[in-house]
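Next comes query.cif, with mmCIF, C-alpha atoms.
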data_input
loop_
_atom_site.group_PDB
_atom_site.id
_atom_site.type_symbol
_atom_site.label_atom_id
_atom_site.label_comp_id
_atom_site.auth_asym_id
_atom_site.auth_seq_id
_atom_site.Cartn_x
_atom_site.Cartn_y
_atom_site.Cartn_z
ATOM 1 C CA MET A 1 0.000 0.000 0.000
ATOM 2 C CA GLU A 2 2.813 2.353 0.938
ATOM 3 C CA ILE A 3 4.726 1.699 -2.280
ATOM 4 C CA PHE A 4 1.546 2.088 -4.334
ATOM 5 C CA LEU A 5 0.843 5.543 -2.872
ATOM 6 C CA GLN A 6 4.475 6.578 -3.384
ATOM 7 C CA THR A 7 4.403 5.508 -7.032
ATOM 8 C CA LEU A 8 1.172 7.446 -7.536
ATOM 9 C CA ALA A 9 2.760 10.521 -5.933
ATOM 10 C CA LEU A 10 5.826 10.173 -8.188
ATOM 11 C CA ILE A 11 3.645 10.038 -11.303
ATOM 12 C CA PHE A 12 1.650 13.089 -10.209
ATOM 13 C CA LEU A 13 4.821 15.060 -9.370
ATOM 14 C CA ILE A 14 6.376 14.425 -12.799
ATOM 15 C CA LEU A 15 3.089 15.114 -14.630
ATOM 16 C CA GLY A 16 2.454 18.357 -12.732
ATOM 17 C CA THR A 17 5.965 19.670 -13.303
ATOM 18 C CA LEU A 18 5.839 18.865 -17.023
ATOM 19 C CA LEU A 19 2.458 20.611 -17.415
ATOM 20 C CA SER A 20 3.766 23.665 -15.515
ATOM 21 C CA LEU A 21 6.761 23.700 -17.846
ATOM 22 C CA ILE A 22 4.436 23.632 -20.886
ATOM 23 C CA GLY A 23 2.428 26.507 -19.412
ATOM 24 C CA VAL A 24 5.510 28.649 -18.752
ATOM 25 C CA ILE A 25 6.881 27.983 -22.260
ATOM 26 C CA GLY A 26 3.514 29.051 -23.660
ATOM 27 C CA PHE A 27 3.603 32.145 -21.474
ATOM 28 C CA ILE A 28 6.949 33.131 -22.994
ATOM 29 C CA ARG A 29 6.228 32.253 -26.620
ATOM 30 C CA LEU A 30 2.608 33.308 -27.243
ATOM 31 C CA PRO A 31 2.108 36.745 -28.809
ATOM 32 C CA ASP A 32 -0.897 38.259 -27.035
ATOM 33 C CA VAL A 33 -2.422 38.891 -23.591
ATOM 34 C CA TYR A 34 -5.462 36.736 -24.325
ATOM 35 C CA THR A 35 -3.539 33.751 -25.686
ATOM 36 C CA ARG A 36 -1.025 34.045 -22.845
ATOM 37 C CA LEU A 37 -3.817 33.805 -20.269
ATOM 38 C CA HIS A 38 -4.781 30.492 -21.836
ATOM 39 C CA ALA A 39 -1.244 29.226 -21.111
ATOM 40 C CA THR A 40 -1.067 30.453 -17.497
ATOM 41 C CA GLY A 41 -4.330 28.651 -16.744
ATOM 42 C CA LYS A 42 -2.491 25.357 -17.311
ATOM 43 C CA VAL A 43 0.016 26.183 -14.573
ATOM 44 C CA SER A 44 -2.552 26.938 -11.896
ATOM 45 C CA ILE A 45 -5.010 24.162 -12.698
ATOM 46 C CA PHE A 46 -2.863 21.188 -13.714
ATOM 47 C CA GLY A 47 0.499 22.035 -12.129
ATOM 48 C CA LEU A 48 -0.693 23.120 -8.700
ATOM 49 C CA VAL A 49 -3.545 20.611 -8.356
ATOM 50 C CA PHE A 50 -1.331 17.647 -9.326
ATOM 51 C CA LEU A 51 1.333 18.775 -6.838
ATOM 52 C CA LEU A 52 -1.338 18.926 -4.131
ATOM 53 C CA PHE A 53 -2.510 15.404 -5.077
ATOM 54 C CA ALA A 54 1.082 14.207 -4.638
ATOM 55 C CA ALA A 55 1.338 15.941 -1.241
ATOM 56 C CA ALA A 56 -1.910 14.306 -0.082
ATOM 57 C CA PHE A 57 -0.739 10.850 -1.232
ATOM 58 C CA LEU A 58 2.618 11.174 0.557
ATOM 59 C CA ASN A 59 1.265 12.562 3.824
ATOM 60 C CA PRO A 60 -2.378 11.571 4.512
ATOM 61 C CA ALA A 61 -2.526 13.944 7.513
ATOM 62 C CA LEU A 62 -2.827 16.993 5.266
ATOM 63 C CA ILE A 63 -5.461 15.674 2.868
ATOM 64 C CA TRP A 64 -8.172 18.092 4.067
ATOM 65 C CA LYS A 65 -5.951 21.146 3.776
ATOM 66 C CA ALA A 66 -4.922 20.004 0.293
ATOM 67 C CA LEU A 67 -8.565 19.538 -0.708
ATOM 68 C CA LEU A 68 -9.397 23.011 0.641
ATOM 69 C CA LEU A 69 -6.605 24.582 -1.406
ATOM 70 C CA ILE A 70 -7.664 22.609 -4.519
ATOM 71 C CA PHE A 71 -11.241 23.846 -4.077
ATOM 72 C CA PHE A 72 -10.035 27.440 -3.692
ATOM 73 C CA VAL A 73 -7.714 27.252 -6.707
ATOM 74 C CA LEU A 74 -10.432 25.724 -8.895
ATOM 75 C CA ILE A 75 -12.673 28.700 -8.061
ATOM 76 C CA ALA A 76 -10.065 31.478 -8.031
ATOM 77 C CA SER A 77 -7.967 30.733 -11.124
ATOM 78 C CA PRO A 78 -10.740 30.952 -13.783
ATOM 79 C CA SER A 79 -12.134 34.126 -12.240
ATOM 80 C CA VAL A 80 -8.677 35.745 -12.226
ATOM 81 C CA SER A 81 -8.235 34.833 -15.902
ATOM 82 C CA HIS A 82 -11.672 36.221 -16.688
ATOM 83 C CA ALA A 83 -10.959 39.463 -14.783
ATOM 84 C CA ILE A 84 -7.682 40.056 -16.645
ATOM 85 C CA ALA A 85 -9.189 39.237 -20.067
ATOM 86 C CA SER A 86 -12.218 41.445 -19.461
ATOM 87 C CA ALA A 87 -9.974 44.289 -18.276
ATOM 88 C CA ALA A 88 -7.816 43.915 -21.404
ATOM 89 C CA HIS A 89 -10.860 44.038 -23.672
ATOM 90 C CA LYS A 90 -12.265 47.057 -21.836
ATOM 91 C CA ALA A 91 -8.932 48.899 -21.969
ATOM 92 C CA GLY A 92 -8.669 48.271 -25.700
ATOM 93 C CA VAL A 93 -5.725 45.880 -25.974
ATOM 94 C CA PRO A 94 -5.788 44.689 -29.613
ATOM 95 C CA LEU A 95 -6.559 41.071 -30.481
ATOM 96 C CA ILE A 96 -4.202 39.006 -32.636
ATOM 97 C CA GLY A 97 -6.997 37.147 -34.459
ATOM 98 C CA GLN A 98 -9.590 38.465 -36.920
ATOM 99 C CA ARG A 99 -12.795 37.809 -34.985
ATOM 100 C CA ASP A 100 -13.995 39.826 -31.984
ATOM 101 C CA ASP A 101 -17.363 38.412 -30.953
ATOM 102 C CA LEU A 102 -17.691 40.532 -27.809
ATOM 103 C CA LYS A 103 -17.303 43.783 -29.754
ATOM 104 C CA ASP A 104 -19.898 42.634 -32.317
ATOM 105 C CA ALA A 105 -22.340 41.743 -29.547
ATOM 106 C CA GLU A 106 -21.856 45.143 -27.890
ATOM 107 C CA LYS A 107 -22.412 46.882 -31.228
ATOM 108 C CA ARG A 108 -25.656 45.004 -31.761
ATOM 109 C CA GLY A 109 -26.801 46.031 -28.289
ATOM 110 C CA MET P 1 12.022 4.287 -3.700
ATOM 111 C CA GLU P 2 12.790 6.737 -0.882
ATOM 112 C CA THR P 3 16.026 7.995 -2.445
ATOM 113 C CA VAL P 4 14.369 8.314 -5.860
ATOM 114 C CA LEU P 5 11.562 10.380 -4.346
ATOM 115 C CA ASP P 6 14.002 12.560 -2.363
ATOM 116 C CA THR P 7 16.034 13.331 -5.487
ATOM 117 C CA LEU P 8 12.850 14.045 -7.438
ATOM 118 C CA PHE P 9 11.639 16.520 -4.791
ATOM 119 C CA TRP P 10 14.773 18.608 -5.147
ATOM 120 C CA ILE P 11 14.616 18.478 -8.967
ATOM 121 C CA VAL P 12 10.966 19.613 -8.896
ATOM 122 C CA LEU P 13 11.784 22.417 -6.421
ATOM 123 C CA PHE P 14 14.639 23.613 -8.634
ATOM 124 C CA ALA P 15 12.404 23.512 -11.738
ATOM 125 C CA HIS P 16 9.741 25.620 -10.034
ATOM 126 C CA LEU P 17 12.302 28.182 -8.853
ATOM 127 C CA VAL P 18 13.681 28.478 -12.401
ATOM 128 C CA MET P 19 10.145 28.913 -13.757
ATOM 129 C CA ALA P 20 9.466 31.660 -11.181
ATOM 130 C CA LEU P 21 12.645 33.468 -12.291
ATOM 131 C CA VAL P 22 11.513 33.199 -15.922
ATOM 132 C CA ALA P 23 8.138 34.698 -14.939
ATOM 133 C CA ILE P 24 9.885 37.640 -13.240
ATOM 134 C CA TRP P 25 12.051 38.194 -16.338
ATOM 135 C CA ARG P 26 8.938 38.172 -18.544
ATOM 136 C CA ILE P 27 7.188 40.689 -16.231
ATOM 137 C CA GLY P 28 10.084 43.079 -16.861
ATOM 138 C CA ARG P 29 9.754 42.642 -20.634
ATOM 139 C CA GLY P 30 5.927 42.911 -20.790
ATOM 140 C CA GLU P 31 4.537 45.211 -23.474
ATOM 141 C CA ASN P 32 1.618 46.609 -21.464
ATOM 142 C CA GLY P 33 0.218 46.616 -17.961
ATOM 143 C CA LEU P 34 -2.084 43.650 -18.414
ATOM 144 C CA ALA P 35 0.677 41.429 -19.793
ATOM 145 C CA ARG P 36 2.653 42.270 -16.657
ATOM 146 C CA LEU P 37 -0.385 41.538 -14.504
ATOM 147 C CA SER P 38 -0.810 38.073 -16.023
ATOM 148 C CA GLY P 39 2.889 37.476 -15.310
ATOM 149 C CA LEU P 40 2.317 38.493 -11.695
ATOM 150 C CA ASP P 41 -0.534 35.981 -11.466
ATOM 151 C CA LEU P 42 1.745 33.254 -12.869
ATOM 152 C CA PHE P 43 4.442 34.185 -10.336
ATOM 153 C CA SER P 44 2.037 33.960 -7.404
ATOM 154 C CA THR P 45 0.856 30.530 -8.610
ATOM 155 C CA LEU P 46 4.460 29.303 -8.832
ATOM 156 C CA THR P 47 5.121 30.647 -5.326
ATOM 157 C CA ILE P 48 2.208 28.595 -3.993
ATOM 158 C CA ALA P 49 3.543 25.514 -5.816
ATOM 159 C CA THR P 50 6.991 26.081 -4.257
ATOM 160 C CA LEU P 51 5.423 26.259 -0.787
ATOM 161 C CA VAL P 52 3.616 22.963 -1.421
ATOM 162 C CA ILE P 53 6.888 21.296 -2.469
ATOM 163 C CA ILE P 54 8.638 22.620 0.659
ATOM 164 C CA SER P 55 5.828 21.158 2.756
ATOM 165 C CA ILE P 56 6.356 17.784 1.007
ATOM 166 C CA ILE P 57 10.126 17.882 1.611
ATOM 167 C CA ARG P 58 9.967 18.876 5.295
ATOM 168 C CA LYS P 59 6.844 16.741 6.000
ATOM 169 C CA GLU P 60 5.140 19.625 7.824
ATOM 170 C CA SER P 61 1.576 20.694 7.099
ATOM 171 C CA ILE P 62 2.079 24.304 8.268
ATOM 172 C CA PHE P 63 3.387 25.300 4.823
ATOM 173 C CA ILE P 64 0.042 24.338 3.248
ATOM 174 C CA ASP P 65 -1.602 26.903 5.561
ATOM 175 C CA VAL P 66 0.869 29.509 4.356
ATOM 176 C CA ALA P 67 0.062 28.482 0.772
ATOM 177 C CA ILE P 68 -3.679 28.961 1.382
ATOM 178 C CA ALA P 69 -3.040 32.477 2.725
ATOM 179 C CA ALA P 70 -0.759 33.283 -0.222
ATOM 180 C CA ALA P 71 -3.417 32.033 -2.673
ATOM 181 C CA ALA P 72 -6.073 34.261 -1.103
ATOM 182 C CA LEU P 73 -3.764 37.293 -1.180
ATOM 183 C CA GLY P 74 -2.724 36.707 -4.796
ATOM 184 C CA TYR P 75 -6.330 36.253 -5.920
ATOM 185 C CA LEU P 76 -7.557 39.455 -4.247
ATOM 186 C CA SER P 77 -4.647 41.619 -5.410
ATOM 187 C CA THR P 78 -4.847 40.416 -9.019
ATOM 188 C CA VAL P 79 -8.607 40.983 -9.285
ATOM 189 C CA ALA P 80 -8.321 44.437 -7.655
ATOM 190 C CA LEU P 81 -5.497 45.515 -9.994
ATOM 191 C CA ALA P 82 -7.373 44.241 -13.071
ATOM 192 C CA LYS P 83 -10.491 46.188 -12.076
ATOM 193 C CA TYR P 84 -8.400 49.304 -11.412
ATOM 194 C CA ILE P 85 -6.687 49.128 -14.804
ATOM 195 C CA ALA P 86 -9.995 48.533 -16.610
ATOM 196 C CA GLU P 87 -11.742 51.437 -14.890
ATOM 197 C CA HIS P 88 -9.016 54.018 -15.453
ATOM 198 C CA ARG P 89 -8.079 52.701 -18.929
ATOM 199 C CA MET P 90 -4.382 52.806 -18.125
ATOM 200 C CA VAL P 91 -2.808 50.033 -20.184
#
The structure given in the file should be rewritten as structure tokens.
Amino acid sequence: MEIFLQTLALIFLILGTLLSLIGVIGFIRLPDVYTRLHATGKVSIFGLVFLLFAAAFLNPALIWKALLLIFFVLIASPSVSHAIASAAHKAGVPLIGQRDDLKDAEKRG
Amino acid sequence: METVLDTLFWIVLFAHLVMALVAIWRIGRGENGLARLSGLDLFSTLTIATLVIISIIRKESIFIDVAIAAAALGYLSTVALAKYIAEHRMV
């Protein structure tokens, strides 16, 4: 049982670190605020939550604190992304792509 | 298994510190205020991840409490700054 939980924790640690790495590479390489927000979402959802899974598997005493932090992150991270994207659209940061559905909807009323 | 896990903890901690440094470097090179703000959000997330790894290494649960407080602070400050920038249109 012990070795099973440790193997599970090892898998989650490697997976979380790799996904964080992908998110940070996307944060450096992508051209735009909106596309970059899509990359930073990977770091907070997959990277942090998988690390917390690994912590809970290795030390069962802190499973409730880990679940509390997972719950908070799952609520907070999308709303932070939405706040930044909405602020960028309101402040007039230009989009890279051709379509701007929000502007069209505002024009139509 | 123990030694493998111990080595892996330090590698993961080092990787997260390097990623946090990269986020700081990208904040300095951001083209407008909101790009810098998204970098700040990424940096606070990586700080929380580093605290979780330290709690795994030292086998103490107090660092998870610190991580919860840091998450709440980062969330509130990022949302407040985004609202401020949107209201005053200062990109």
At a cut-off of 10 Å, can you tabulate as CSV every residue of region 27-95 of chain A near region 19-40 of chain P together with its closest atom pair and the distance in Å to one decimal, using all atoms listed in the file and ordering rows by chain then number?
residue,atom,partner,partner_atom,distance
A:Phe27,CA,P:Gly39,CA,8.2
A:Ile28,CA,P:Arg26,CA,7.0
A:Asp32,CA,P:Ala35,CA,8.1
A:Val33,CA,P:Ala35,CA,5.5
A:Tyr34,CA,P:Ala35,CA,9.0
A:Arg36,CA,P:Ser38,CA,7.9
A:Leu37,CA,P:Ser38,CA,6.7
A:Thr40,CA,P:Ser38,CA,7.8
A:Val80,CA,P:Ser38,CA,9.0
A:Ser81,CA,P:Ser38,CA,8.1
A:Ile84,CA,P:Leu34,CA,6.9
A:Ala85,CA,P:Leu34,CA,8.5
A:Ala87,CA,P:Leu34,CA,7.9
A:Ala88,CA,P:Leu34,CA,6.5
A:Ala91,CA,P:Leu34,CA,9.3
A:Val93,CA,P:Asn32,CA,8.6
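Pairwise distance (CA of Met1 (chain P), CA of Leu51 (chain A)) equals 18.3 Å.
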Would you mind listing what lies within 9 Å of Tyr75 (chain P) as a VMD selection string, with all atoms listed in the file counted and same-chain residues fewer than 5 positions away left out? (chain A and resid 76 to 77 79 to 80) or (chain P and resid 41 44 70 80)
Would you mind listing, for every residue of chain P within 8 Å of chain A, the two atoms forming the shortest contact and the distance between them in Å to one decimal, using all atoms listed in the file, sorted by chain and ascending residue number, as JSON lines?
{"residue": "P:Met1", "atom": "CA", "partner": "A:Ile3", "partner_atom": "CA", "distance": 7.9}
{"residue": "P:Leu5", "atom": "CA", "partner": "A:Leu10", "partner_atom": "CA", "distance": 6.9}
{"residue": "P:Val12", "atom": "CA", "partner": "A:Thr17", "partner_atom": "CA", "distance": 6.7}
{"residue": "P:Ala15", "atom": "CA", "partner": "A:Thr17", "partner_atom": "CA", "distance": 7.7}
{"residue": "P:His16", "atom": "CA", "partner": "A:Thr17", "partner_atom": "CA", "distance": 7.8}
{"residue": "P:Met19", "atom": "CA", "partner": "A:Val24", "partner_atom": "CA", "distance": 6.8}
{"residue": "P:Ala23", "atom": "CA", "partner": "A:Val24", "partner_atom": "CA", "distance": 7.6}
{"residue": "P:Arg26", "atom": "CA", "partner": "A:Ile28", "partner_atom": "CA", "distance": 7.0}
{"residue": "P:Leu34", "atom": "CA", "partner": "A:Ala88", "partner_atom": "CA", "distance": 6.5}
{"residue": "P:Ala35", "atom": "CA", "partner": "A:Val33", "partner_atom": "CA", "distance": 5.5}
{"residue": "P:Leu37", "atom": "CA", "partner": "A:Ile84", "partner_atom": "CA", "distance": 7.7}
{"residue": "P:Ser38", "atom": "CA", "partner": "A:Leu37", "partner_atom": "CA", "distance": 6.7}
{"residue": "P:Leu42", "atom": "CA", "partner": "A:Thr40", "partner_atom": "CA", "distance": 6.1}
{"residue": "P:Thr45", "atom": "CA", "partner": "A:Ser44", "partner_atom": "CA", "distance": 5.9}
{"residue": "P:Leu46", "atom": "CA", "partner": "A:Val43", "partner_atom": "CA", "distance": 7.9}
{"residue": "P:Ile48", "atom": "CA", "partner": "A:Leu48", "partner_atom": "CA", "distance": 7.8}
{"residue": "P:Ala49", "atom": "CA", "partner": "A:Leu48", "partner_atom": "CA", "distance": 5.7}
{"residue": "P:Val52", "atom": "CA", "partner": "A:Leu52", "partner_atom": "CA", "distance": 6.9}
{"residue": "P:Ile53", "atom": "CA", "partner": "A:Leu51", "partner_atom": "CA", "distance": 7.5}
{"residue": "P:Ser55", "atom": "CA", "partner": "A:Ala55", "partner_atom": "CA", "distance": 8.0}
{"residue": "P:Ile56", "atom": "CA", "partner": "A:Ala55", "partner_atom": "CA", "distance": 5.8}
{"residue": "P:Lys59", "atom": "CA", "partner": "A:Asn59", "partner_atom": "CA", "distance": 7.3}
{"residue": "P:Ser61", "atom": "CA", "partner": "A:Leu62", "partner_atom": "CA", "distance": 6.0}
{"residue": "P:Ile64", "atom": "CA", "partner": "A:Lys65", "partner_atom": "CA", "distance": 6.8}
{"residue": "P:Asp65", "atom": "CA", "partner": "A:Lys65", "partner_atom": "CA", "distance": 7.4}
{"residue": "P:Ile68", "atom": "CA", "partner": "A:Leu69", "partner_atom": "CA", "distance": 6.0}
{"residue": "P:Ala71", "atom": "CA", "partner": "A:Val73", "partner_atom": "CA", "distance": 7.6}
{"residue": "P:Tyr75", "atom": "CA", "partner": "A:Ala76", "partner_atom": "CA", "distance": 6.4}
{"residue": "P:Thr78", "atom": "CA", "partner": "A:Val80", "partner_atom": "CA", "distance": 6.8}
{"residue": "P:Val79", "atom": "CA", "partner": "A:Val80", "partner_atom": "CA", "distance": 6.0}
{"residue": "P:Ala82", "atom": "CA", "partner": "A:Ile84", "partner_atom": "CA", "distance": 5.5}
{"residue": "P:Lys83", "atom": "CA", "partner": "A:Ala87", "partner_atom": "CA", "distance": 6.5}
{"residue": "P:Ile85", "atom": "CA", "partner": "A:Ala87", "partner_atom": "CA", "distance": 6.8}
{"residue": "P:Ala86", "atom": "CA", "partner": "A:Ala87", "partner_atom": "CA", "distance": 4.6}
{"residue": "P:Arg89", "atom": "CA", "partner": "A:Ala91", "partner_atom": "CA", "distance": 4.9}
{"residue": "P:Met90", "atom": "CA", "partner": "A:Ala91", "partner_atom": "CA", "distance": 7.1}
{"residue": "P:Val91", "atom": "CA", "partner": "A:Ala91", "partner_atom": "CA", "distance": 6.5}
Here CA of Leu13 (chain P) and CA of Leu73 (chain P) stand apart by 22.1 Å
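The interatomic distance for the pair CA of Phe4 (chain A) and CA of Phe9 (chain P) works out to 17.6 Å.
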Which of A:Lys103, A:Phe53, A:Leu5, A:Pro60 sits closest to Glu60 (chain P) [using all atoms listed in the file]: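 Nearest candidate to Glu60 (chain P) out of A:Lys103, A:Phe53, A:Leu5, A:Pro60: A:Pro60.
Distance annotation: of P:Ala67, P:Ile57, P:Leu81, P:Leu51, the residue with the minimal separation from Leu8 (chain P) is P:Ile57; atom set is all atoms listed in the file.
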Which centre and edge lengths in Å to one decimal define the box along x, y and z that fits every listed atom of region 16-32 of chain A plus 6 Å per side, as lines of an AutoDock Vina configuration file?
center_x = 3.0
center_y = 28.3
center_z = -20.8
size_x = 19.8
size_y = 31.9
size_z = 28.1
